[in-house]
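Q: The structure under discussion is supplied below as structure tokens; questions concerning it will follow.
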Amino acid sequence: MNQILDYMPNHKSSKSDGSDKIVRIFAILLILFAIALMAVVGYGRIANKNQINSEIQQMTNAKIEVDVQEAQVTIKVTHDKKIQKLIYSWNTSSERTIKASEKYWEETIDVPAGNNTLHIKVIDENGVETTHDEEISSEQGVDIINPIIEPPKVVGNKVTIKATDETALDFITYRWNEEQEETIYAEEGSKEIATEIEVRKGENDLTIVAVDGSNNTTKETKSFIGLTKPEITVTLSEDGKSIDIKATHENGIESVAFNFNNVDYNADIGSDTPTAIQFSQELEVGYNRIIVTVKSVDGTETTFDGECTLGDANSNTNNSSTPTNETANQTPESSGEGE
């Protein structure tokens with residue numbers, strides 16, 4: 001009996017293995033189907049996004065039309081999105097901004113006389129910008145363009161003020177800080193006014209106002225720092241055998257270098273930056289030349305170049321000595337910077 005039981009096959013175990021194989025195959029098929037479905041959905045989303053982006057790209061630019069009359073022009077803007085700003089300017093004048101909130105906008109403006117270029121810029125609610133330029137000529141236009149004040153040019157201690165206008169200037173004014181203003185009138189029909197003034201010492205504000213014949217006005221303020229050069233004084237001693245050299249600067253002297261008869265020297269000014277220094281130099285018999293260069297702590301510099309003659313002490317001729325220059329006068333320099 002025991003032997004028979006030992007040789008009986010296990011039919012239950014065989015059926016269980018077959019069921020497991022079916023389940024595994026079914027699971028693999030489900031996974032493959034899920035992967036395929038995700039790929040299809042992902043591709044669809046990408047394709048849809050690209051289509052949307054393409055449509056947006058095609059609809060970003062505004063349509064700008066310009067309707068020109070004799071003395072006025074109407075700017076017409078059409079867009080598929082809301083217009084945020086309409087910006088325009090004539091030639092090189094400053095821009096004027098109009099806020100909008102519709103998909104269609106009209107703006108009528110005056111036309112300046114003569115040949116002009118109208119620059120138009122439209123910005124939509126997404127920040128996308130569309131530009132358009134229009135050449136317009138009008139004999140009955142009006143003067144609506146403000147004068148142009150050119151950036152002041154600084155040379156040495158002088159600053160040049162210049163204003164221009166496309167029709168005709170009336171006058172310009174200028175003032176330092178809050179002082180009384182000075183007025184310069186234009187010649188009849190002149191399109192330009194230019195003048196040169198001296199820069200003040202220290203830090204100062206220069207305010208310039210330009211007005212044209214139609215009372216269009218431009219105002220600008222610039223800051224300037226007026227710097228002075230060191231002052232050098234060279235004098236002959238009473239006996240005529242030496243020269244006394246004195247250098248001064250209101251903010252301090254950084255260095256003093258001099259060349260005497262083709263030999264270079266450096267004057268000892270100490271460890272500080274004195275506002276004045278003085279020293280002497282013995283002259284040699286015959287021709288003498290001295291070149292003195294003084295540099296201030298502000299970076300400005302002055303050079304003295306002089307010569308003299310000392311007679312032979314053993315001769316019957318009296319000693320004589322005359323420097324070519326006695327003083328190198330102070331000269332302000334300037335550095336200008338905009339606000």
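Here's how to read the names in the structure tokens: chain A, B, ... by the order shown, residue numbers from 1 in each chain, ligand numbers from 1 in the order shown.
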Near Pro147 (chain A), within 6 Å and counting only C-alpha atoms, which residues show up once chain neighbours fewer than 5 positions away are dropped, as number ranges by chain?

A: A: 164-165, 218

Q: Would you pick out the contacts of Thr130 (chain A) at 6 Å or less, using only C-alpha atoms, so that residues sharing its chain but fewer than 4 positions from it are not included, and give the list as a list in words?

A: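 These residues fall inside the cut-off: Asn61, Lys121 and Val122 of chain A.
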
Q: Hey, which of A:Leu310, A:Ile290, A:Ile83, A:Ile232 ends up closest to Asn261 (chain A)? Count only C-alpha atoms.

A: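 Looking only at the distances to Asn261 (chain A), the closest residue turns out to be A:Ile290.
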
Q: Record the distance separating CA of Asn259 (chain A) and CA of Val292 (chain A), expressed in Å with one decimal.

A: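 So the answer is 6.5 Å.
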
Q: Give me the residues within 10 Å of region 283-285 of chain A as a PyMOL selection string, counting only C-alpha atoms and dropping any in the same chain fewer than 2 places off.

A: chain A and resi 236+240-243+260-261+280-281+287-290+308-313+319+321

Q: Per DSSP on the backbone, filter region 115-262 of chain A down to the residues in strand (DSSP E) and report them as an mmCIF file with C-alpha atoms, in the first residue's frame.

A:
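The result, stored in selection-v6.cif:
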data_model
loop_
_atom_site.group_PDB
_atom_site.id
_atom_site.type_symbol
_atom_site.label_atom_id
_atom_site.label_comp_id
_atom_site.auth_asym_id
_atom_site.auth_seq_id
_atom_site.Cartn_x
_atom_site.Cartn_y
_atom_site.Cartn_z
ATOM 1 C CA ASN A 115 9.811 115.746 -43.851
ATOM 2 C CA ASN A 116 9.659 113.535 -40.769
ATOM 3 C CA THR A 117 9.767 109.908 -39.643
ATOM 4 C CA LEU A 118 7.082 108.565 -37.319
ATOM 5 C CA HIS A 119 8.318 105.692 -35.135
ATOM 6 C CA ILE A 120 5.549 103.458 -33.734
ATOM 7 C CA LYS A 121 5.866 100.672 -31.177
ATOM 8 C CA VAL A 122 3.015 98.446 -29.924
ATOM 9 C CA ILE A 123 3.328 96.155 -26.873
ATOM 10 C CA ASP A 124 0.610 93.555 -26.197
ATOM 11 C CA GLU A 129 6.531 94.138 -29.329
ATOM 12 C CA THR A 130 5.638 95.209 -32.872
ATOM 13 C CA THR A 131 7.321 98.202 -34.557
ATOM 14 C CA HIS A 132 6.554 100.297 -37.602
ATOM 15 C CA ASP A 133 8.213 103.366 -39.199
ATOM 16 C CA GLU A 134 6.405 105.757 -41.532
ATOM 17 C CA GLU A 135 7.928 108.561 -43.617
ATOM 18 C CA ILE A 136 5.548 111.543 -43.634
ATOM 19 C CA SER A 137 5.830 114.899 -45.403
ATOM 20 C CA SER A 138 3.546 117.839 -44.619
ATOM 21 C CA ILE A 148 17.430 118.804 -28.418
ATOM 22 C CA ILE A 149 20.085 119.622 -25.805
ATOM 23 C CA LYS A 153 31.338 118.825 -23.693
ATOM 24 C CA VAL A 154 34.047 119.599 -21.159
ATOM 25 C CA VAL A 155 37.506 120.750 -22.269
ATOM 26 C CA LYS A 158 35.274 125.092 -19.996
ATOM 27 C CA VAL A 159 31.981 123.392 -20.820
ATOM 28 C CA THR A 160 30.141 123.856 -24.125
ATOM 29 C CA ILE A 161 26.331 124.102 -24.088
ATOM 30 C CA LYS A 162 24.560 123.413 -27.380
ATOM 31 C CA ALA A 163 20.868 123.127 -28.322
ATOM 32 C CA THR A 164 19.244 122.490 -31.707
ATOM 33 C CA LEU A 169 15.082 128.135 -31.531
ATOM 34 C CA ASP A 170 13.937 131.088 -29.460
ATOM 35 C CA PHE A 171 16.403 131.028 -26.546
ATOM 36 C CA ILE A 172 18.244 128.896 -24.008
ATOM 37 C CA THR A 173 18.873 129.476 -20.312
ATOM 38 C CA TYR A 174 21.436 128.006 -17.954
ATOM 39 C CA ARG A 175 22.175 128.283 -14.241
ATOM 40 C CA TRP A 176 24.480 126.767 -11.665
ATOM 41 C CA GLU A 182 21.455 133.400 -17.744
ATOM 42 C CA THR A 183 19.577 133.739 -21.058
ATOM 43 C CA ILE A 184 20.984 133.513 -24.578
ATOM 44 C CA TYR A 185 18.653 134.390 -27.469
ATOM 45 C CA GLU A 192 21.176 126.200 -33.144
ATOM 46 C CA ILE A 193 22.517 127.993 -30.071
ATOM 47 C CA ALA A 194 25.957 127.222 -28.632
ATOM 48 C CA THR A 195 27.921 128.885 -25.855
ATOM 49 C CA GLU A 196 30.940 128.141 -23.685
ATOM 50 C CA ILE A 197 31.041 128.778 -19.940
ATOM 51 C CA GLU A 198 33.560 128.194 -17.173
ATOM 52 C CA GLY A 202 33.778 121.720 -6.562
ATOM 53 C CA GLU A 203 30.585 119.774 -7.254
ATOM 54 C CA ASN A 204 27.815 121.759 -8.937
ATOM 55 C CA ASP A 205 24.605 121.160 -10.918
ATOM 56 C CA LEU A 206 24.124 122.855 -14.286
ATOM 57 C CA THR A 207 20.504 123.222 -15.460
ATOM 58 C CA ILE A 208 19.883 123.963 -19.144
ATOM 59 C CA VAL A 209 16.523 124.905 -20.708
ATOM 60 C CA ALA A 210 15.966 125.195 -24.467
ATOM 61 C CA VAL A 211 12.807 126.774 -25.937
ATOM 62 C CA ASP A 212 11.866 126.881 -29.627
ATOM 63 C CA THR A 217 10.628 123.187 -24.112
ATOM 64 C CA THR A 218 13.407 120.787 -23.128
ATOM 65 C CA LYS A 219 15.090 120.839 -19.719
ATOM 66 C CA GLU A 220 18.143 118.902 -18.551
ATOM 67 C CA THR A 221 20.359 118.971 -15.452
ATOM 68 C CA LYS A 222 23.937 117.693 -15.330
ATOM 69 C CA SER A 223 26.381 117.401 -12.431
ATOM 70 C CA PHE A 224 29.971 118.614 -12.745
ATOM 71 C CA ILE A 225 33.002 118.396 -10.504
ATOM 72 C CA GLY A 226 35.341 121.341 -11.074
ATOM 73 C CA LEU A 227 38.991 120.495 -10.375
ATOM 74 C CA THR A 228 41.864 122.985 -10.121
ATOM 75 C CA GLU A 231 49.886 126.655 -8.860
ATOM 76 C CA ILE A 232 53.652 127.010 -9.315
ATOM 77 C CA THR A 233 55.569 130.220 -8.586
ATOM 78 C CA VAL A 234 59.262 130.537 -9.480
ATOM 79 C CA THR A 235 61.185 133.684 -8.417
ATOM 80 C CA LEU A 236 64.835 134.743 -8.597
ATOM 81 C CA SER A 242 69.397 130.823 -6.973
ATOM 82 C CA ILE A 243 65.702 130.450 -7.647
ATOM 83 C CA ASP A 244 62.904 129.922 -5.152
ATOM 84 C CA ILE A 245 60.161 127.464 -6.159
ATOM 85 C CA LYS A 246 56.769 127.387 -4.467
ATOM 86 C CA ALA A 247 53.856 125.052 -5.282
ATOM 87 C CA THR A 248 50.336 125.140 -3.822
ATOM 88 C CA ILE A 253 50.081 118.039 -3.290
ATOM 89 C CA GLU A 254 50.877 114.435 -4.133
ATOM 90 C CA SER A 255 54.305 114.831 -5.764
ATOM 91 C CA VAL A 256 56.816 117.394 -7.011
ATOM 92 C CA ALA A 257 59.371 116.443 -9.651
ATOM 93 C CA PHE A 258 61.832 118.757 -11.407
ATOM 94 C CA ASN A 259 64.564 118.640 -13.986
ATOM 95 C CA PHE A 260 67.491 121.015 -13.564
#

Q: Could you name the residues that touch Glu95 (chain A) at 12 Å or less, counting only C-alpha atoms, but leaving out those on the same chain fewer than 2 positions away, as a list in words?

A: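 The residues that qualify are Lys85, Leu86, Ile87, Tyr88, Ser89, Trp90, Asn91, Thr92, Ser93, Thr97, Ile98, Leu118, His119, Ile120, Lys121, Ile145 and Asn146 of chain A.
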
Q: Would you put the residues from that selection into a file with C-alpha atoms, as a PDB file, in the first residue's frame?

A:
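This went into result_37.pdb:
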ATOM      1  CA  LYS A  85       0.905 100.266 -24.806  1.00  0.00           C
ATOM      2  CA  LEU A  86       1.110 102.400 -27.930  1.00  0.00           C
ATOM      3  CA  ILE A  87       4.416 104.287 -28.084  1.00  0.00           C
ATOM      4  CA  TYR A  88       5.347 106.805 -30.786  1.00  0.00           C
ATOM      5  CA  SER A  89       7.967 109.456 -31.503  1.00  0.00           C
ATOM      6  CA  TRP A  90       8.936 111.809 -34.306  1.00  0.00           C
ATOM      7  CA  ASN A  91      12.476 111.604 -35.721  1.00  0.00           C
ATOM      8  CA  THR A  92      14.884 111.562 -32.751  1.00  0.00           C
ATOM      9  CA  SER A  93      12.594 113.272 -30.233  1.00  0.00           C
ATOM     10  CA  THR A  97       3.374 106.482 -24.359  1.00  0.00           C
ATOM     11  CA  ILE A  98      -0.382 105.834 -24.467  1.00  0.00           C
ATOM     12  CA  LEU A 118       7.082 108.565 -37.319  1.00  0.00           C
ATOM     13  CA  HIS A 119       8.318 105.692 -35.135  1.00  0.00           C
ATOM     14  CA  ILE A 120       5.549 103.458 -33.734  1.00  0.00           C
ATOM     15  CA  LYS A 121       5.866 100.672 -31.177  1.00  0.00           C
ATOM     16  CA  ILE A 145       8.975 118.560 -31.575  1.00  0.00           C
ATOM     17  CA  ASN A 146      10.967 119.663 -28.544  1.00  0.00           C
TER      18      ASN A 146
END
